[in-house]
Protein chains: 2
Amino acid sequence: MRARDLAEPFPTVSLDDQALDAARLLAEHRLPGILVVDGPATPVAILPASQLVRLLVPGYIIEDPSLAAVIDEAHADRLCDELTGVRVRECLPKDTPAPAVADADDTAVEVAALMARTRSPLVAVVERPADRRGGSGGELLGVITASNLLHRLLGNA
Amino acid sequence: MRARDLAEPFPTVSLDDQALDAARLLAEHRLPGILVVDGPATPVAILPASQLVRLLVPGYIIEDPSLAAVIDEAHADRLCDELTGVRVRECLPKDTPAPAVADADDTAVEVAALMARTRSPLVAVVERPADRRGGSGGELLGVITASNLLHRLLGNA
């Protein structure tokens with residue numbers, strides 16, 4: 001069982017996409033995060049849904065939670081205005097780590113080891129030309145989430 | 001819109017449940033993590049699927065990734081043996097933060113502020129007797145994930 005057999009399609013956004021579109025994708029697919037790519041096959045980050053929630057909430061409310069209780073429903077509906085015109089690249093926290101990337105030929109155990117080492121909830125799978133292992137370029141096949149990997153490893157348990 | 005209206009059912013495990021059962025629940029529901037409770041209504045941790053993957057992988061492979069490539073398929077199928085007899089409480093990393101907990105009466109904005117402040121991907125919702133706000137006890141109504149909250153906040157956008 002190789003990474004290419006484990007990879008599942010996963011929504012992606014690019015750095016210059018609108019943050020509001022990323023939020024809609026996350027909401028629609030009920031995903032904890034979305035893969036951000038730069039070009040067709042270079043995963044650069046995972047944008048967590050919680051980071052977008054964070055951007056929706058005005059800073060003074062994060063600082064003083066008691067103010068949150070007095071924001072009325074009508075204002076809550078306008079929180080999403082905060083994201084209008086913001087691009088995905090502006091939403092990424094400064095310390096966002098690059099996502100873990102497996103080669104299509106990696107075994108399930110190699111993927112598990114990579115996930116364990118990086119403590120990452122998902123690994124992107126890229127098919128690279130043989131002369132460019134470890135470099136950029138190639139084709140993004142999808143992602144392997146920790147729960148999908150558990151599913152495969154538990155298959156016979 | 002109150003936390004009780006936003007809460008969705010979410011699988012839970014208790015501290016003394018088998019880690020293998022937690023792994024099966026995560027795999028079955030394709031969840032990035034599972035809520036760990038102590039008693040009927042006290043959320044104590046979120047156990048990430050990636051942590052269980054980490055426990056499946058022998059330490060020497062995490063240390064030396066090149067060894068992962070030589071583990072054969074037959075051995076991969078036995079990785080889950082690592083979890084046999086292990087309890088959930090033994091799987092939680094030492095530095096696991098307590099999960100964010102909202103009161104059933106909190107507004108959507110309060111939940112968003114809590115999520116933003118704790119950078120948590122989900123918030124547990126507990127209905128507490130009026131005289132025990134902030135204390136333990138009560139009834140666990142479910143959880144609100146960041147993507148569900150985005151879904152609700154984007155509803156009219």
# chains A, B, ... in the order shown; residues from 1 in each chain; ligands from 1
$ interface_residues --of "chain A" --to "chain B" --cutoff "7 Å" --atoms "only C-alpha atoms" --output "VMD selection string"
chain A and resid 23 26 to 28 30 to 32 49 to 50 53 to 54 57 61 to 62 65 68 to 69 76 to 77 80 107 109 to 110 112 to 113 115 to 117 119 to 121 146 to 148 150 to 151 153 to 154 156 to 157
$ select_by_dssp --residues "chain B" --states "strand (DSSP E)" --output "VMD selection string"
chain B and resid 12 to 14 33 to 37 43 to 48 100 to 103 122 to 127 139 to 145
